[in-house]
file protein.pdb (PDB, C-alpha atoms and all ligand atoms)
ATOM      1  CA  MET A  26      63.554 115.280 141.626  1.00  0.00           C
ATOM      2  CA  ILE A  27      64.007 118.949 140.691  1.00  0.00           C
ATOM      3  CA  ASP A  28      67.622 119.912 140.247  1.00  0.00           C
ATOM      4  CA  ARG A  29      68.239 123.216 142.108  1.00  0.00           C
ATOM      5  CA  HIS A  30      71.436 125.164 142.746  1.00  0.00           C
ATOM      6  CA  LEU A  31      72.310 127.945 145.151  1.00  0.00           C
ATOM      7  CA  VAL A  32      73.470 130.931 143.113  1.00  0.00           C
ATOM      8  CA  THR A  33      74.763 134.357 144.136  1.00  0.00           C
ATOM      9  CA  LEU A  34      73.927 137.198 141.786  1.00  0.00           C
ATOM     10  CA  THR A  35      74.668 140.883 142.178  1.00  0.00           C
ATOM     11  CA  VAL A  36      71.925 142.715 140.324  1.00  0.00           C
ATOM     12  CA  ASN A  37      72.010 146.497 140.002  1.00  0.00           C
ATOM     13  CA  GLY A  38      74.454 146.623 142.917  1.00  0.00           C
ATOM     14  CA  ARG A  39      72.430 144.387 145.254  1.00  0.00           C
ATOM     15  CA  GLU A  40      73.516 140.869 146.143  1.00  0.00           C
ATOM     16  CA  HIS A  41      70.958 138.044 146.043  1.00  0.00           C
ATOM     17  CA  GLU A  42      71.184 134.378 146.959  1.00  0.00           C
ATOM     18  CA  LEU A  43      68.769 132.301 144.923  1.00  0.00           C
ATOM     19  CA  LEU A  44      67.904 128.635 144.635  1.00  0.00           C
ATOM     20  CA  LEU A  45      67.551 128.097 140.902  1.00  0.00           C
ATOM     21  CA  GLU A  46      66.565 125.199 138.707  1.00  0.00           C
ATOM     22  CA  SER A  47      69.338 124.478 136.212  1.00  0.00           C
ATOM     23  CA  ARG A  48      67.010 125.079 133.272  1.00  0.00           C
ATOM     24  CA  LYS A  49      65.842 128.532 134.416  1.00  0.00           C
ATOM     25  CA  THR A  50      67.069 131.365 132.216  1.00  0.00           C
ATOM     26  CA  LEU A  51      68.618 134.555 133.537  1.00  0.00           C
ATOM     27  CA  ALA A  52      65.698 136.474 131.999  1.00  0.00           C
ATOM     28  CA  ASP A  53      63.134 134.405 133.929  1.00  0.00           C
ATOM     29  CA  THR A  54      65.248 134.683 137.082  1.00  0.00           C
ATOM     30  CA  LEU A  55      65.293 138.477 136.845  1.00  0.00           C
ATOM     31  CA  ARG A  56      61.594 138.731 136.065  1.00  0.00           C
ATOM     32  CA  GLU A  57      60.141 136.000 138.277  1.00  0.00           C
ATOM     33  CA  ASP A  58      62.529 135.733 141.234  1.00  0.00           C
ATOM     34  CA  LEU A  59      63.579 139.383 141.509  1.00  0.00           C
ATOM     35  CA  GLY A  60      60.528 141.146 140.055  1.00  0.00           C
ATOM     36  CA  LEU A  61      62.665 143.061 137.546  1.00  0.00           C
ATOM     37  CA  THR A  62      60.170 142.994 134.697  1.00  0.00           C
ATOM     38  CA  GLY A  63      61.903 145.770 132.765  1.00  0.00           C
ATOM     39  CA  THR A  64      63.842 143.011 131.016  1.00  0.00           C
ATOM     40  CA  HIS A  65      61.405 142.046 128.261  1.00  0.00           C
ATOM     41  CA  LEU A  66      60.985 138.699 126.554  1.00  0.00           C
ATOM     42  CA  GLY A  67      60.137 138.672 122.868  1.00  0.00           C
ATOM     43  CA  CYS A  68      61.400 135.753 120.833  1.00  0.00           C
ATOM     44  CA  GLU A  69      63.008 133.831 123.724  1.00  0.00           C
ATOM     45  CA  HIS A  70      65.568 132.340 121.383  1.00  0.00           C
ATOM     46  CA  GLY A  71      68.252 134.940 120.890  1.00  0.00           C
ATOM     47  CA  ILE A  72      66.947 136.850 117.878  1.00  0.00           C
ATOM     48  CA  CYS A  73      65.245 140.079 119.012  1.00  0.00           C
ATOM     49  CA  GLY A  74      67.496 141.386 121.813  1.00  0.00           C
ATOM     50  CA  ALA A  75      64.569 142.687 123.903  1.00  0.00           C
ATOM     51  CA  CYS A  76      66.037 140.775 126.863  1.00  0.00           C
ATOM     52  CA  THR A  77      69.513 142.378 126.653  1.00  0.00           C
ATOM     53  CA  VAL A  78      71.173 142.968 130.048  1.00  0.00           C
ATOM     54  CA  LEU A  79      74.784 143.553 131.044  1.00  0.00           C
ATOM     55  CA  LEU A  80      76.648 140.581 132.479  1.00  0.00           C
ATOM     56  CA  ASP A  81      79.931 141.757 133.987  1.00  0.00           C
ATOM     57  CA  GLY A  82      79.616 144.805 131.737  1.00  0.00           C
ATOM     58  CA  GLU A  83      78.992 142.916 128.492  1.00  0.00           C
ATOM     59  CA  PRO A  84      75.626 142.894 126.735  1.00  0.00           C
ATOM     60  CA  VAL A  85      74.051 139.425 126.645  1.00  0.00           C
ATOM     61  CA  ARG A  86      70.700 137.958 125.605  1.00  0.00           C
ATOM     62  CA  ALA A  87      69.281 137.026 129.009  1.00  0.00           C
ATOM     63  CA  CYS A  88      67.016 134.433 127.355  1.00  0.00           C
ATOM     64  CA  LEU A  89      70.113 132.524 126.227  1.00  0.00           C
ATOM     65  CA  VAL A  90      71.932 132.512 129.572  1.00  0.00           C
ATOM     66  CA  PHE A  91      70.951 130.174 132.393  1.00  0.00           C
ATOM     67  CA  GLY A  92      70.658 131.790 135.795  1.00  0.00           C
ATOM     68  CA  VAL A  93      73.182 129.310 137.180  1.00  0.00           C
ATOM     69  CA  GLN A  94      75.709 130.459 134.552  1.00  0.00           C
ATOM     70  CA  ALA A  95      75.568 133.940 136.058  1.00  0.00           C
ATOM     71  CA  ASP A  96      76.635 132.669 139.506  1.00  0.00           C
ATOM     72  CA  GLY A  97      79.041 135.204 141.023  1.00  0.00           C
ATOM     73  CA  ALA A  98      78.455 137.744 138.248  1.00  0.00           C
ATOM     74  CA  GLU A  99      77.355 141.375 138.245  1.00  0.00           C
ATOM     75  CA  VAL A 100      74.175 141.969 136.289  1.00  0.00           C
ATOM     76  CA  ARG A 101      72.767 145.331 135.233  1.00  0.00           C
ATOM     77  CA  THR A 102      69.214 145.695 134.022  1.00  0.00           C
ATOM     78  CA  VAL A 103      67.265 148.641 132.668  1.00  0.00           C
ATOM     79  CA  GLU A 104      66.038 149.357 136.217  1.00  0.00           C
ATOM     80  CA  SER A 105      69.578 150.536 137.066  1.00  0.00           C
ATOM     81  CA  LEU A 106      69.454 153.485 134.673  1.00  0.00           C
ATOM     82  CA  ALA A 107      67.026 155.934 136.268  1.00  0.00           C
ATOM     83  CA  GLU A 108      68.074 157.930 139.333  1.00  0.00           C
ATOM     84  CA  GLU A 109      66.796 157.070 142.844  1.00  0.00           C
ATOM     85  CA  GLY A 110      63.951 159.556 142.569  1.00  0.00           C
ATOM     86  CA  GLY A 111      62.894 158.103 139.232  1.00  0.00           C
ATOM     87  CA  GLU A 112      64.505 160.740 137.023  1.00  0.00           C
ATOM     88  CA  LEU A 113      65.470 159.180 133.693  1.00  0.00           C
ATOM     89  CA  ASN A 114      69.156 159.082 132.824  1.00  0.00           C
ATOM     90  CA  ASP A 115      70.635 160.972 129.869  1.00  0.00           C
ATOM     91  CA  LEU A 116      70.207 158.041 127.462  1.00  0.00           C
ATOM     92  CA  GLN A 117      66.584 157.440 128.418  1.00  0.00           C
ATOM     93  CA  GLN A 118      65.846 161.157 128.047  1.00  0.00           C
ATOM     94  CA  SER A 119      67.553 161.176 124.664  1.00  0.00           C
ATOM     95  CA  PHE A 120      65.436 158.223 123.466  1.00  0.00           C
ATOM     96  CA  SER A 121      62.355 160.167 124.480  1.00  0.00           C
ATOM     97  CA  ARG A 122      63.514 163.433 122.846  1.00  0.00           C
ATOM     98  CA  ASN A 123      64.572 161.764 119.603  1.00  0.00           C
ATOM     99  CA  HIS A 124      61.498 159.522 119.266  1.00  0.00           C
ATOM    100  CA  GLY A 125      63.642 156.430 119.770  1.00  0.00           C
ATOM    101  CA  LEU A 126      60.626 154.456 120.930  1.00  0.00           C
ATOM    102  CA  GLN A 127      57.008 153.938 120.046  1.00  0.00           C
ATOM    103  CA  CYS A 128      55.445 150.863 121.680  1.00  0.00           C
ATOM    104  CA  GLY A 129      58.560 150.602 123.883  1.00  0.00           C
ATOM    105  CA  PHE A 130      58.711 146.815 123.926  1.00  0.00           C
ATOM    106  CA  CYS A 131      62.231 146.687 122.501  1.00  0.00           C
ATOM    107  CA  THR A 132      63.461 149.740 124.424  1.00  0.00           C
ATOM    108  CA  PRO A 133      65.011 148.118 127.540  1.00  0.00           C
ATOM    109  CA  GLY A 134      67.147 145.935 125.294  1.00  0.00           C
ATOM    110  CA  PHE A 135      68.267 148.872 123.139  1.00  0.00           C
ATOM    111  CA  LEU A 136      69.066 150.960 126.215  1.00  0.00           C
ATOM    112  CA  MET A 137      71.285 148.290 127.743  1.00  0.00           C
ATOM    113  CA  LEU A 138      72.957 147.535 124.413  1.00  0.00           C
ATOM    114  CA  ALA A 139      73.675 151.255 124.001  1.00  0.00           C
ATOM    115  CA  GLU A 140      74.890 151.668 127.600  1.00  0.00           C
ATOM    116  CA  ALA A 141      77.504 148.953 127.054  1.00  0.00           C
ATOM    117  CA  TYR A 142      78.586 150.642 123.829  1.00  0.00           C
ATOM    118  CA  LEU A 143      78.743 154.098 125.424  1.00  0.00           C
ATOM    119  CA  ASP A 144      80.901 152.712 128.246  1.00  0.00           C
ATOM    120  CA  THR A 145      83.647 151.959 125.706  1.00  0.00           C
ATOM    121  CA  ASP A 146      84.176 155.696 125.009  1.00  0.00           C
ATOM    122  CA  PRO A 147      83.298 155.113 121.368  1.00  0.00           C
ATOM    123  CA  VAL A 148      83.683 157.245 118.232  1.00  0.00           C
ATOM    124  CA  GLY A 149      79.908 157.489 118.390  1.00  0.00           C
ATOM    125  CA  ASP A 150      79.142 158.489 114.808  1.00  0.00           C
ATOM    126  CA  ALA A 151      75.922 157.445 113.087  1.00  0.00           C
ATOM    127  CA  GLU A 152      77.597 154.725 111.040  1.00  0.00           C
ATOM    128  CA  GLU A 153      79.131 153.042 114.079  1.00  0.00           C
ATOM    129  CA  VAL A 154      75.941 153.392 116.150  1.00  0.00           C
ATOM    130  CA  ARG A 155      73.832 151.949 113.319  1.00  0.00           C
ATOM    131  CA  GLU A 156      76.111 148.900 113.276  1.00  0.00           C
ATOM    132  CA  VAL A 157      75.788 148.459 117.064  1.00  0.00           C
ATOM    133  CA  VAL A 158      72.005 148.787 117.224  1.00  0.00           C
ATOM    134  CA  SER A 159      71.549 146.417 114.280  1.00  0.00           C
ATOM    135  CA  ALA A 160      72.061 143.649 116.888  1.00  0.00           C
ATOM    136  CA  ASN A 161      68.514 144.187 118.158  1.00  0.00           C
ATOM    137  CA  LEU A 162      65.092 144.291 116.490  1.00  0.00           C
ATOM    138  CA  CYS A 163      62.573 147.112 116.613  1.00  0.00           C
ATOM    139  CA  ARG A 164      59.329 146.791 114.693  1.00  0.00           C
ATOM    140  CA  CYS A 165      58.181 150.392 115.185  1.00  0.00           C
ATOM    141  CA  THR A 166      60.744 153.158 114.905  1.00  0.00           C
ATOM    142  CA  GLY A 167      62.651 152.541 111.674  1.00  0.00           C
ATOM    143  CA  TYR A 168      65.792 152.906 113.842  1.00  0.00           C
ATOM    144  CA  GLN A 169      66.591 156.529 112.927  1.00  0.00           C
ATOM    145  CA  GLY A 170      65.383 157.875 116.281  1.00  0.00           C
ATOM    146  CA  ILE A 171      67.346 155.222 118.149  1.00  0.00           C
ATOM    147  CA  VAL A 172      70.521 156.073 116.215  1.00  0.00           C
ATOM    148  CA  ASP A 173      70.013 159.815 116.771  1.00  0.00           C
ATOM    149  CA  ALA A 174      69.486 159.253 120.515  1.00  0.00           C
ATOM    150  CA  VAL A 175      72.676 157.236 120.966  1.00  0.00           C
ATOM    151  CA  VAL A 176      74.787 159.573 118.790  1.00  0.00           C
ATOM    152  CA  GLU A 177      73.615 162.552 120.858  1.00  0.00           C
ATOM    153  CA  VAL A 178      74.557 160.900 124.163  1.00  0.00           C
ATOM    154  CA  ALA A 179      77.896 159.646 122.835  1.00  0.00           C
ATOM    155  CA  ALA A 180      78.808 163.248 121.944  1.00  0.00           C
ATOM    156  CA  ALA A 181      77.581 164.644 125.263  1.00  0.00           C
ATOM    157  CA  ARG A 182      79.405 162.040 127.370  1.00  0.00           C
ATOM    158  CA  LYS A 183      82.583 162.552 125.324  1.00  0.00           C
ATOM    159  CA  GLU A 184      82.401 166.267 126.051  1.00  0.00           C
ATOM    160  CA  GLN A 185      81.913 165.548 129.778  1.00  0.00           C
ATOM    161  CA  ARG A 186      84.937 163.221 129.801  1.00  0.00           C
ATOM    162  CA  GLN A 187      87.105 165.892 128.199  1.00  0.00           C
ATOM    163  CA  ALA A 188      85.900 168.719 130.464  1.00  0.00           C
TER     164      ALA A 188
HETATM  165  S1  LIG A 201      63.836 137.477 124.039  1.00  0.00           S
HETATM  166 FE1  LIG A 201      65.967 137.160 124.155  1.00  0.00          FE
HETATM  167  S2  LIG A 201      66.684 137.634 122.181  1.00  0.00           S
HETATM  168 FE2  LIG A 201      64.525 137.778 121.985  1.00  0.00          FE
HETATM  169  S1  LIG A 202      59.393 150.685 119.802  1.00  0.00           S
HETATM  170 FE1  LIG A 202      57.997 149.072 119.305  1.00  0.00          FE
HETATM  171  S2  LIG A 202      59.286 147.395 118.842  1.00  0.00           S
HETATM  172 FE2  LIG A 202      60.656 149.035 119.130  1.00  0.00          FE
END
call {"tool": "encode", "arguments": {"input": "protein.pdb", "output": "structure tokens", "more": "lines below"}}
Ligand code: FES
Ligand code: FES
result
Amino acid sequence: MIDRHLVTLTVNGREHELLLESRKTLADTLREDLGLTGTHLGCEHGICGACTVLLDGEPVRACLVFGVQADGAEVRTVESLAEEGGELNDLQQSFSRNHGLQCGFCTPGFLMLAEAYLDTDPVGDAEEVREVVSANLCRCTGYQGIVDAVVEVAAARKEQRQA
């Protein structure tokens, strides 16, 4: 008999009730049950960070969390970043401007990792950002563009907060 549980998840501000097998990961739940395929799966065992989403505001590897563990939680995925009309947010635009992506496979994970960091009103210098983004793997960019993108947005958001 398949073991299923009724779970309530709020994803990108929308509440969902789902019947989930205990073994189903949060990443598979987002992709298969909710069609949110912006959360990418690379290694599927916690190494690459491509699957990073925010769980109650904290970045987590969605391949390492079971969907049932997220019962009652707020989840944010990369789909939450762009505006209603599809306009990219400041961080996404900065990644594009600073060549923070090439193939783009790792990008959703880096964006969500960076969003969580930016929400802490950080110092936002290159050294600190380099430390933060070292949590995830990118095989294309050499990281400099990613660091530049996050540093730029940290400075801009700081200025907005102080205005
Ligand atoms: S797919 Fe989750 S860490 Fe690599
Ligand atoms: S842009 Fe290709 S893996 Fe990061």
call {"tool": "axis_aligned_box", "arguments": {"input": "protein.pdb", "around": "stretch 121-132 of chain A", "padding_each_side": "5 Å", "output": "JSON"}}
result
{"center_x": 60.0, "center_y": 155.1, "center_z": 121.9, "size_x": 19.1, "size_y": 26.7, "size_z": 15.2}
call {"tool": "residues_around", "arguments": {"input": "protein.pdb", "residues": "stretch 177-184 of chain A", "least_positions_apart": "4", "cutoff": "12 Å", "atoms": "all atoms listed in the file", "output": "ChimeraX atom specification"}}
result
/A:114-120,122-123,125,136,139-151,153-154,170-173,188
call {"tool": "residues_near_ligand", "arguments": {"input": "protein.pdb", "ligand": "ligand LIG 201 (chain A)", "cutoff": "7 Å", "atoms": "only C-alpha atoms and all ligand atoms", "output": "list in words"}}
result
His65, Leu66, Gly67, Cys68, Glu69, His70, Gly71, Ile72, Cys73, Gly74, Ala75, Cys76, Thr77, Arg86, Ala87, Cys88 and Leu89 of chain A
call {"tool": "resolve_selection", "arguments": {"input": "protein.pdb", "expression": "the PyMOL selection byres (((not hetatm)) within 8 of (chain A and resi 202))", "output": "ChimeraX atom specification"}}
result
/A:125-132,162-166
call {"tool": "resolve_selection", "arguments": {"input": "protein.pdb", "expression": "the PyMOL selection byres (((chain A and resi 49) around 6) and not hetatm)", "output": "MDAnalysis selection string"}}
result
chainID A and resid 46:48 50 91:92
call {"tool": "residues_around", "arguments": {"input": "protein.pdb", "residues": "A:Val36", "least_positions_apart": "6", "cutoff": "7 Å", "atoms": "only C-alpha atoms", "output": "VMD selection string"}}
result
chain A and resid 99 to 101
call {"tool": "closest_residue", "arguments": {"input": "protein.pdb", "among": "A:Ala95, A:Leu138, A:Val176, A:Leu61", "to": "A:Leu31", "atoms": "all atoms listed in the file"}}
result
A:Ala95
call {"tool": "resolve_selection", "arguments": {"input": "protein.pdb", "expression": "the PyMOL selection byres (((chain A and resi 78) around 6) and not hetatm)", "output": "PyMOL selection string"}}
result
chain A and resi 77+79+84-85+101-102+137
call {"tool": "write_last_selection", "arguments": {"input": "protein.pdb", "atoms": "C-alpha atoms", "output": "PDB file, in the frame of the given file"}}
result
ATOM      1  CA  THR A  77      69.513 142.378 126.653  1.00  0.00           C
ATOM      2  CA  LEU A  79      74.784 143.553 131.044  1.00  0.00           C
ATOM      3  CA  PRO A  84      75.626 142.894 126.735  1.00  0.00           C
ATOM      4  CA  VAL A  85      74.051 139.425 126.645  1.00  0.00           C
ATOM      5  CA  ARG A 101      72.767 145.331 135.233  1.00  0.00           C
ATOM      6  CA  THR A 102      69.214 145.695 134.022  1.00  0.00           C
ATOM      7  CA  MET A 137      71.285 148.290 127.743  1.00  0.00           C
TER       8      MET A 137
END
call {"tool": "atom_distance", "arguments": {"input": "protein.pdb", "atom1": "atom CA of A:Leu80", "atom2": "atom CA of A:Ala98"}}
result
6.7 Å
call {"tool": "atom_distance", "arguments": {"input": "protein.pdb", "atom1": "atom CA of A:Leu106", "atom2": "atom CA of A:Gly38"}}
result
11.8 Å
call {"tool": "atom_distance", "arguments": {"input": "protein.pdb", "atom1": "atom CA of A:Leu51", "atom2": "atom CA of A:Val90"}}
result
5.6 Å
call {"tool": "residues_around", "arguments": {"input": "protein.pdb", "residues": "A:Glu42", "least_positions_apart": "2", "cutoff": "8 Å", "atoms": "only C-alpha atoms", "output": "list in words"}}
result
Leu31, Val32, Thr33, Leu34, Glu40 and Leu44 of chain A
call {"tool": "closest_residue", "arguments": {"input": "protein.pdb", "among": "A:Gly110, A:Val93, A:Arg155, A:Ser121", "to": "A:Asp53", "atoms": "all atoms listed in the file"}}
result
A:Val93
call {"tool": "decode", "arguments": {"input": "protein.pdb", "residues": "stretch 55-172 of chain A", "atoms": "C-alpha atoms", "output": "PDB file, in the first residue's frame"}}
result
ATOM      1  CA  LEU A  55       7.214  21.553  -6.885  1.00  0.00           C
ATOM      2  CA  ARG A  56       8.102  20.298 -10.348  1.00  0.00           C
ATOM      3  CA  GLU A  57       5.643  17.431 -10.793  1.00  0.00           C
ATOM      4  CA  ASP A  58       2.620  18.370  -8.672  1.00  0.00           C
ATOM      5  CA  LEU A  59       2.716  22.152  -9.103  1.00  0.00           C
ATOM      6  CA  GLY A  60       4.422  22.471 -12.497  1.00  0.00           C
ATOM      7  CA  LEU A  61       7.073  24.822 -11.093  1.00  0.00           C
ATOM      8  CA  THR A  62       9.955  23.545 -13.192  1.00  0.00           C
ATOM      9  CA  GLY A  63      12.135  26.586 -12.524  1.00  0.00           C
ATOM     10  CA  THR A  64      13.530  24.634  -9.578  1.00  0.00           C
ATOM     11  CA  HIS A  65      16.221  22.563 -11.290  1.00  0.00           C
ATOM     12  CA  LEU A  66      17.566  19.170 -10.303  1.00  0.00           C
ATOM     13  CA  GLY A  67      21.246  18.485 -10.845  1.00  0.00           C
ATOM     14  CA  CYS A  68      22.925  16.102  -8.445  1.00  0.00           C
ATOM     15  CA  GLU A  69      19.807  15.214  -6.413  1.00  0.00           C
ATOM     16  CA  HIS A  70      21.914  14.613  -3.338  1.00  0.00           C
ATOM     17  CA  GLY A  71      22.622  17.987  -1.814  1.00  0.00           C
ATOM     18  CA  ILE A  72      25.852  18.968  -3.554  1.00  0.00           C
ATOM     19  CA  CYS A  73      25.113  21.387  -6.420  1.00  0.00           C
ATOM     20  CA  GLY A  74      22.417  23.705  -5.012  1.00  0.00           C
ATOM     21  CA  ALA A  75      20.548  23.969  -8.339  1.00  0.00           C
ATOM     22  CA  CYS A  76      17.366  23.044  -6.444  1.00  0.00           C
ATOM     23  CA  THR A  77      17.667  25.831  -3.829  1.00  0.00           C
ATOM     24  CA  VAL A  78      14.319  27.318  -2.733  1.00  0.00           C
ATOM     25  CA  LEU A  79      13.308  29.330   0.317  1.00  0.00           C
ATOM     26  CA  LEU A  80      11.518  27.444   3.074  1.00  0.00           C
ATOM     27  CA  ASP A  81      10.070  29.920   5.566  1.00  0.00           C
ATOM     28  CA  GLY A  82      12.642  32.397   4.261  1.00  0.00           C
ATOM     29  CA  GLU A  83      15.678  30.126   4.604  1.00  0.00           C
ATOM     30  CA  PRO A  84      17.500  28.656   1.614  1.00  0.00           C
ATOM     31  CA  VAL A  85      17.252  24.855   1.480  1.00  0.00           C
ATOM     32  CA  ARG A  86      18.204  22.128  -0.993  1.00  0.00           C
ATOM     33  CA  ALA A  87      14.753  21.037  -2.162  1.00  0.00           C
ATOM     34  CA  CYS A  88      16.170  17.634  -3.168  1.00  0.00           C
ATOM     35  CA  LEU A  89      17.014  16.965   0.485  1.00  0.00           C
ATOM     36  CA  VAL A  90      13.646  17.955   1.961  1.00  0.00           C
ATOM     37  CA  PHE A  91      10.613  15.687   1.764  1.00  0.00           C
ATOM     38  CA  GLY A  92       7.413  17.369   0.668  1.00  0.00           C
ATOM     39  CA  VAL A  93       5.710  16.182   3.852  1.00  0.00           C
ATOM     40  CA  GLN A  94       8.388  17.969   5.914  1.00  0.00           C
ATOM     41  CA  ALA A  95       7.269  21.251   4.371  1.00  0.00           C
ATOM     42  CA  ASP A  96       3.681  20.805   5.621  1.00  0.00           C
ATOM     43  CA  GLY A  97       2.391  24.195   6.787  1.00  0.00           C
ATOM     44  CA  ALA A  98       5.436  26.053   5.457  1.00  0.00           C
ATOM     45  CA  GLU A  99       5.857  28.968   3.065  1.00  0.00           C
ATOM     46  CA  VAL A 100       7.939  28.117   0.027  1.00  0.00           C
ATOM     47  CA  ARG A 101       9.383  30.571  -2.481  1.00  0.00           C
ATOM     48  CA  THR A 102      10.708  29.434  -5.823  1.00  0.00           C
ATOM     49  CA  VAL A 103      12.417  31.271  -8.654  1.00  0.00           C
ATOM     50  CA  GLU A 104       8.995  31.781 -10.281  1.00  0.00           C
ATOM     51  CA  SER A 105       8.197  34.299  -7.513  1.00  0.00           C
ATOM     52  CA  LEU A 106      10.896  36.745  -8.595  1.00  0.00           C
ATOM     53  CA  ALA A 107       9.631  38.210 -11.864  1.00  0.00           C
ATOM     54  CA  GLU A 108       6.776  40.724 -11.845  1.00  0.00           C
ATOM     55  CA  GLU A 109       3.223  39.763 -12.919  1.00  0.00           C
ATOM     56  CA  GLY A 110       3.831  40.932 -16.471  1.00  0.00           C
ATOM     57  CA  GLY A 111       7.015  38.888 -16.686  1.00  0.00           C
ATOM     58  CA  GLU A 112       9.458  41.728 -16.061  1.00  0.00           C
ATOM     59  CA  LEU A 113      12.577  40.363 -14.370  1.00  0.00           C
ATOM     60  CA  ASN A 114      13.344  41.607 -10.875  1.00  0.00           C
ATOM     61  CA  ASP A 115      16.452  43.643 -10.041  1.00  0.00           C
ATOM     62  CA  LEU A 116      18.537  40.565  -9.174  1.00  0.00           C
ATOM     63  CA  GLN A 117      17.606  38.712 -12.352  1.00  0.00           C
ATOM     64  CA  GLN A 118      18.392  41.811 -14.419  1.00  0.00           C
ATOM     65  CA  SER A 119      21.718  42.176 -12.638  1.00  0.00           C
ATOM     66  CA  PHE A 120      22.639  38.541 -13.398  1.00  0.00           C
ATOM     67  CA  SER A 121      21.911  39.239 -17.043  1.00  0.00           C
ATOM     68  CA  ARG A 122      23.861  42.537 -17.108  1.00  0.00           C
ATOM     69  CA  ASN A 123      26.880  41.113 -15.296  1.00  0.00           C
ATOM     70  CA  HIS A 124      27.044  37.843 -17.264  1.00  0.00           C
ATOM     71  CA  GLY A 125      26.160  35.869 -14.144  1.00  0.00           C
ATOM     72  CA  LEU A 126      24.864  33.004 -16.253  1.00  0.00           C
ATOM     73  CA  GLN A 127      25.771  31.061 -19.342  1.00  0.00           C
ATOM     74  CA  CYS A 128      23.850  27.783 -19.722  1.00  0.00           C
ATOM     75  CA  GLY A 129      21.561  28.938 -16.885  1.00  0.00           C
ATOM     76  CA  PHE A 130      21.106  25.519 -15.313  1.00  0.00           C
ATOM     77  CA  CYS A 131      22.427  26.621 -11.926  1.00  0.00           C
ATOM     78  CA  THR A 132      20.817  30.074 -12.067  1.00  0.00           C
ATOM     79  CA  PRO A 133      17.509  29.461 -10.217  1.00  0.00           C
ATOM     80  CA  GLY A 134      19.457  28.068  -7.277  1.00  0.00           C
ATOM     81  CA  PHE A 135      21.890  31.001  -7.220  1.00  0.00           C
ATOM     82  CA  LEU A 136      19.039  33.507  -7.466  1.00  0.00           C
ATOM     83  CA  MET A 137      17.181  32.042  -4.502  1.00  0.00           C
ATOM     84  CA  LEU A 138      20.371  31.687  -2.463  1.00  0.00           C
ATOM     85  CA  ALA A 139      21.165  35.344  -3.184  1.00  0.00           C
ATOM     86  CA  GLU A 140      17.605  36.516  -2.444  1.00  0.00           C
ATOM     87  CA  ALA A 141      17.794  34.974   1.032  1.00  0.00           C
ATOM     88  CA  TYR A 142      21.156  36.647   1.593  1.00  0.00           C
ATOM     89  CA  LEU A 143      19.940  40.030   0.328  1.00  0.00           C
ATOM     90  CA  ASP A 144      16.936  39.839   2.670  1.00  0.00           C
ATOM     91  CA  THR A 145      19.316  39.969   5.650  1.00  0.00           C
ATOM     92  CA  ASP A 146      20.399  43.543   4.765  1.00  0.00           C
ATOM     93  CA  PRO A 147      23.975  42.340   4.403  1.00  0.00           C
ATOM     94  CA  VAL A 148      27.314  44.162   4.148  1.00  0.00           C
ATOM     95  CA  GLY A 149      27.270  42.954   0.559  1.00  0.00           C
ATOM     96  CA  ASP A 150      30.956  43.253  -0.302  1.00  0.00           C
ATOM     97  CA  ALA A 151      32.628  40.903  -2.771  1.00  0.00           C
ATOM     98  CA  GLU A 152      34.330  38.859  -0.066  1.00  0.00           C
ATOM     99  CA  GLU A 153      31.093  38.177   1.797  1.00  0.00           C
ATOM    100  CA  VAL A 154      29.146  37.464  -1.410  1.00  0.00           C
ATOM    101  CA  ARG A 155      31.853  35.072  -2.633  1.00  0.00           C
ATOM    102  CA  GLU A 156      31.514  33.139   0.628  1.00  0.00           C
ATOM    103  CA  VAL A 157      27.709  32.954   0.261  1.00  0.00           C
ATOM    104  CA  VAL A 158      27.673  31.819  -3.367  1.00  0.00           C
ATOM    105  CA  SER A 159      30.354  29.199  -2.705  1.00  0.00           C
ATOM    106  CA  ALA A 160      27.452  27.088  -1.347  1.00  0.00           C
ATOM    107  CA  ASN A 161      26.329  26.338  -4.905  1.00  0.00           C
ATOM    108  CA  LEU A 162      28.077  24.970  -7.999  1.00  0.00           C
ATOM    109  CA  CYS A 163      28.318  26.608 -11.402  1.00  0.00           C
ATOM    110  CA  ARG A 164      30.265  24.895 -14.155  1.00  0.00           C
ATOM    111  CA  CYS A 165      30.192  27.809 -16.611  1.00  0.00           C
ATOM    112  CA  THR A 166      30.710  31.309 -15.275  1.00  0.00           C
ATOM    113  CA  GLY A 167      33.810  31.179 -13.078  1.00  0.00           C
ATOM    114  CA  TYR A 168      31.622  32.916 -10.452  1.00  0.00           C
ATOM    115  CA  GLN A 169      32.904  36.469 -11.030  1.00  0.00           C
ATOM    116  CA  GLY A 170      29.744  37.548 -12.865  1.00  0.00           C
ATOM    117  CA  ILE A 171      27.555  36.031 -10.165  1.00  0.00           C
ATOM    118  CA  VAL A 172      29.496  37.856  -7.434  1.00  0.00           C
TER     119      VAL A 172
END
